[in-house]
file model-v6.cif (mmCIF, N, CA and C atoms)
data_input
loop_
_atom_site.label_atom_id
_atom_site.label_comp_id
_atom_site.auth_asym_id
_atom_site.auth_seq_id
_atom_site.Cartn_x
_atom_site.Cartn_y
_atom_site.Cartn_z
N MET A 1 91.28 123.31 127.19
CA MET A 1 90.20 122.78 126.38
C MET A 1 89.39 121.81 127.19
N SER A 2 88.16 121.73 126.85
CA SER A 2 87.29 120.80 127.56
C SER A 2 87.44 119.39 126.98
N TYR A 3 87.05 118.44 127.76
CA TYR A 3 87.15 117.04 127.35
C TYR A 3 86.22 116.74 126.18
N SER A 4 85.13 117.46 126.05
CA SER A 4 84.16 117.19 124.99
C SER A 4 84.70 117.53 123.60
N ALA A 5 85.74 118.36 123.49
CA ALA A 5 86.31 118.70 122.20
C ALA A 5 87.19 117.58 121.65
N ARG A 6 87.70 116.72 122.50
CA ARG A 6 88.60 115.67 122.06
C ARG A 6 87.94 114.62 121.17
N PRO A 7 86.74 114.13 121.48
CA PRO A 7 86.14 113.13 120.59
C PRO A 7 85.87 113.65 119.19
N SER A 8 85.50 114.92 119.04
CA SER A 8 85.24 115.44 117.70
C SER A 8 86.53 115.53 116.90
N ALA A 9 87.63 115.87 117.55
CA ALA A 9 88.92 115.90 116.85
C ALA A 9 89.32 114.49 116.44
N ARG A 10 89.06 113.53 117.32
CA ARG A 10 89.38 112.14 116.99
C ARG A 10 88.53 111.67 115.82
N ARG A 11 87.26 112.05 115.80
CA ARG A 11 86.38 111.65 114.69
C ARG A 11 86.85 112.28 113.39
N SER A 12 87.28 113.53 113.41
CA SER A 12 87.72 114.16 112.18
C SER A 12 89.01 113.52 111.67
N ARG A 13 89.91 113.13 112.60
CA ARG A 13 91.12 112.42 112.17
C ARG A 13 90.76 111.05 111.59
N SER A 14 89.82 110.37 112.22
CA SER A 14 89.39 109.06 111.71
C SER A 14 88.75 109.20 110.34
N ALA A 15 87.96 110.23 110.15
CA ALA A 15 87.33 110.45 108.84
C ALA A 15 88.39 110.75 107.79
N LEU A 16 89.41 111.52 108.15
CA LEU A 16 90.48 111.83 107.20
C LEU A 16 91.26 110.57 106.85
N ILE A 17 91.53 109.73 107.83
CA ILE A 17 92.24 108.48 107.57
C ILE A 17 91.41 107.57 106.66
N LEU A 18 90.11 107.47 106.93
CA LEU A 18 89.25 106.66 106.07
C LEU A 18 89.18 107.21 104.65
N GLY A 19 89.18 108.53 104.53
CA GLY A 19 89.18 109.15 103.21
C GLY A 19 90.46 108.85 102.44
N LEU A 20 91.59 108.91 103.14
CA LEU A 20 92.86 108.57 102.49
C LEU A 20 92.90 107.10 102.09
N LEU A 21 92.37 106.24 102.93
CA LEU A 21 92.32 104.81 102.57
C LEU A 21 91.48 104.58 101.33
N ALA A 22 90.34 105.25 101.25
CA ALA A 22 89.47 105.11 100.08
C ALA A 22 90.18 105.63 98.82
N LEU A 23 90.84 106.77 98.94
CA LEU A 23 91.57 107.32 97.80
C LEU A 23 92.70 106.40 97.37
N ASP A 24 93.43 105.84 98.34
CA ASP A 24 94.49 104.88 98.02
C ASP A 24 93.93 103.66 97.31
N PHE A 25 92.78 103.20 97.78
CA PHE A 25 92.14 102.05 97.15
C PHE A 25 91.81 102.34 95.69
N VAL A 26 91.21 103.49 95.43
CA VAL A 26 90.82 103.84 94.06
C VAL A 26 92.06 104.01 93.19
N ILE A 27 93.05 104.72 93.68
CA ILE A 27 94.24 104.96 92.88
C ILE A 27 95.03 103.68 92.62
N GLY A 28 95.16 102.85 93.65
CA GLY A 28 95.99 101.67 93.52
C GLY A 28 95.33 100.48 92.86
N LEU A 29 94.03 100.34 93.01
CA LEU A 29 93.38 99.12 92.55
C LEU A 29 92.43 99.29 91.37
N ALA A 30 92.29 100.47 90.86
CA ALA A 30 91.37 100.67 89.74
C ALA A 30 92.15 100.53 88.43
N PRO A 31 92.04 99.39 87.76
CA PRO A 31 92.79 99.21 86.52
C PRO A 31 92.36 100.17 85.43
N THR A 32 91.15 100.66 85.50
CA THR A 32 90.69 101.62 84.49
C THR A 32 91.57 102.86 84.48
N LEU A 33 91.97 103.33 85.67
CA LEU A 33 92.86 104.50 85.73
C LEU A 33 94.21 104.18 85.10
N HIS A 34 94.71 102.99 85.30
CA HIS A 34 95.98 102.59 84.67
C HIS A 34 95.82 102.58 83.15
N TRP A 35 94.72 102.03 82.67
CA TRP A 35 94.49 101.97 81.23
C TRP A 35 94.34 103.36 80.63
N LEU A 36 93.60 104.23 81.32
CA LEU A 36 93.43 105.59 80.81
C LEU A 36 94.74 106.36 80.80
N ALA A 37 95.54 106.17 81.84
CA ALA A 37 96.82 106.87 81.90
C ALA A 37 97.77 106.34 80.85
N GLY A 38 97.74 105.05 80.60
CA GLY A 38 98.64 104.44 79.63
C GLY A 38 98.32 104.86 78.21
N ASN A 39 97.07 104.69 77.82
CA ASN A 39 96.60 105.07 76.49
C ASN A 39 97.55 104.57 75.40
N GLY A 40 98.10 103.38 75.60
CA GLY A 40 98.96 102.79 74.58
C GLY A 40 100.44 103.09 74.75
N THR A 41 100.82 103.99 75.63
CA THR A 41 102.24 104.30 75.80
C THR A 41 102.74 103.74 77.12
N ALA A 42 103.86 103.07 77.05
CA ALA A 42 104.43 102.43 78.24
C ALA A 42 104.97 103.46 79.23
N VAL A 43 105.51 104.56 78.75
CA VAL A 43 106.12 105.55 79.64
C VAL A 43 105.08 106.17 80.56
N VAL A 44 103.94 106.54 80.02
CA VAL A 44 102.90 107.16 80.83
C VAL A 44 102.31 106.14 81.81
N SER A 45 102.15 104.91 81.36
CA SER A 45 101.61 103.88 82.23
C SER A 45 102.55 103.58 83.38
N ILE A 46 103.84 103.48 83.10
CA ILE A 46 104.83 103.25 84.16
C ILE A 46 104.90 104.46 85.09
N GLY A 47 104.79 105.66 84.52
CA GLY A 47 104.78 106.88 85.34
C GLY A 47 103.60 106.89 86.29
N TYR A 48 102.43 106.47 85.82
CA TYR A 48 101.26 106.39 86.69
C TYR A 48 101.47 105.37 87.79
N PHE A 49 102.03 104.23 87.43
CA PHE A 49 102.28 103.17 88.41
C PHE A 49 103.23 103.66 89.50
N VAL A 50 104.30 104.34 89.13
CA VAL A 50 105.27 104.85 90.10
C VAL A 50 104.64 105.97 90.94
N ALA A 51 103.94 106.90 90.29
CA ALA A 51 103.32 108.00 91.03
C ALA A 51 102.26 107.49 92.00
N ALA A 52 101.49 106.48 91.61
CA ALA A 52 100.49 105.91 92.51
C ALA A 52 101.17 105.27 93.71
N GLY A 53 102.26 104.56 93.48
CA GLY A 53 103.00 103.95 94.58
C GLY A 53 103.57 104.98 95.54
N VAL A 54 104.11 106.06 95.00
CA VAL A 54 104.65 107.13 95.84
C VAL A 54 103.54 107.79 96.65
N PHE A 55 102.40 108.07 96.00
CA PHE A 55 101.29 108.70 96.70
C PHE A 55 100.78 107.82 97.83
N ILE A 56 100.63 106.53 97.56
CA ILE A 56 100.12 105.61 98.58
C ILE A 56 101.09 105.52 99.74
N THR A 57 102.39 105.47 99.45
CA THR A 57 103.39 105.41 100.50
C THR A 57 103.37 106.67 101.36
N LEU A 58 103.30 107.83 100.73
CA LEU A 58 103.25 109.08 101.49
C LEU A 58 101.97 109.19 102.30
N SER A 59 100.86 108.70 101.76
CA SER A 59 99.62 108.77 102.53
C SER A 59 99.68 107.86 103.75
N LEU A 60 100.43 106.77 103.68
CA LEU A 60 100.60 105.91 104.86
C LEU A 60 101.35 106.66 105.96
N PHE A 61 102.35 107.44 105.58
CA PHE A 61 103.06 108.26 106.57
C PHE A 61 102.12 109.29 107.19
N VAL A 62 101.26 109.90 106.38
CA VAL A 62 100.30 110.88 106.89
C VAL A 62 99.32 110.21 107.85
N MET A 63 98.83 109.02 107.48
CA MET A 63 97.90 108.31 108.36
C MET A 63 98.56 107.94 109.68
N THR A 64 99.83 107.54 109.63
CA THR A 64 100.55 107.21 110.86
C THR A 64 100.70 108.45 111.74
N ALA A 65 101.02 109.58 111.13
CA ALA A 65 101.16 110.83 111.90
C ALA A 65 99.83 111.24 112.50
N LEU A 66 98.74 111.09 111.76
CA LEU A 66 97.42 111.44 112.29
C LEU A 66 97.04 110.51 113.44
N ASP A 67 97.37 109.24 113.32
CA ASP A 67 97.05 108.29 114.37
C ASP A 67 97.88 108.57 115.61
N SER A 68 99.14 108.95 115.43
CA SER A 68 100.00 109.29 116.57
C SER A 68 99.53 110.57 117.26
N ALA A 69 99.01 111.51 116.48
CA ALA A 69 98.53 112.76 117.06
C ALA A 69 97.29 112.55 117.91
N GLY A 70 96.62 111.41 117.70
CA GLY A 70 95.41 111.12 118.46
C GLY A 70 95.67 110.80 119.91
N GLY A 71 96.90 110.53 120.26
CA GLY A 71 97.22 110.21 121.64
C GLY A 71 97.29 108.72 121.86
N GLY A 72 97.80 108.34 123.00
CA GLY A 72 97.98 106.93 123.30
C GLY A 72 96.88 106.33 124.12
N ASP A 73 95.75 106.96 124.24
CA ASP A 73 94.67 106.44 125.09
C ASP A 73 93.67 105.62 124.27
N HIS A 74 94.14 104.51 123.71
CA HIS A 74 93.27 103.66 122.87
C HIS A 74 92.64 102.60 123.71
#
call {"tool": "encode", "arguments": {"input": "model-v6.cif", "output": "structure tokens"}}
result
Amino acid sequence: MSYSARPSARRSRSALILGLLALDFVIGLAPTLHWLAGNGTAVVSIGYFVAAGVFITLSLFVMTALDSAGGGDH
């Protein structure tokens, strides 16, 4: 592969990481989503809270893997 293909791959990984961060932000910090999921029931609200935590944790692992795949030439 040519050297010119590497920066575009790095940019796409960076864009994916930024997209995951934005999604984590919306899922984790938007109280409206918690209120809509709860709708008066504690079980659904707690389920949303746990599922959001699991999703955010898994996305951190994905971001770490994407960053590691970028290589060590920072």
call {"tool": "atom_distance", "arguments": {"input": "model-v6.cif", "atom1": "atom C of A:Val44", "atom2": "atom C of A:Ile27"}}
result
13.3 Å
call {"tool": "residues_around", "arguments": {"input": "model-v6.cif", "residues": "stretch 17-23 of chain A", "least_positions_apart": "3", "cutoff": "8 Å", "atoms": "only N, CA and C atoms", "output": "ChimeraX atom specification"}}
result
/A:11-14,26-29,56,59-60,62-64,66-67
call {"tool": "atom_distance", "arguments": {"input": "model-v6.cif", "atom1": "atom C of A:Ala15", "atom2": "atom N of A:Trp35"}}
result
27.3 Å
call {"tool": "closest_residue", "arguments": {"input": "model-v6.cif", "among": "A:Tyr48, A:Arg10, A:Leu16, A:Asp24", "to": "A:Ala69", "atoms": "only N, CA and C atoms"}}
result
A:Arg10
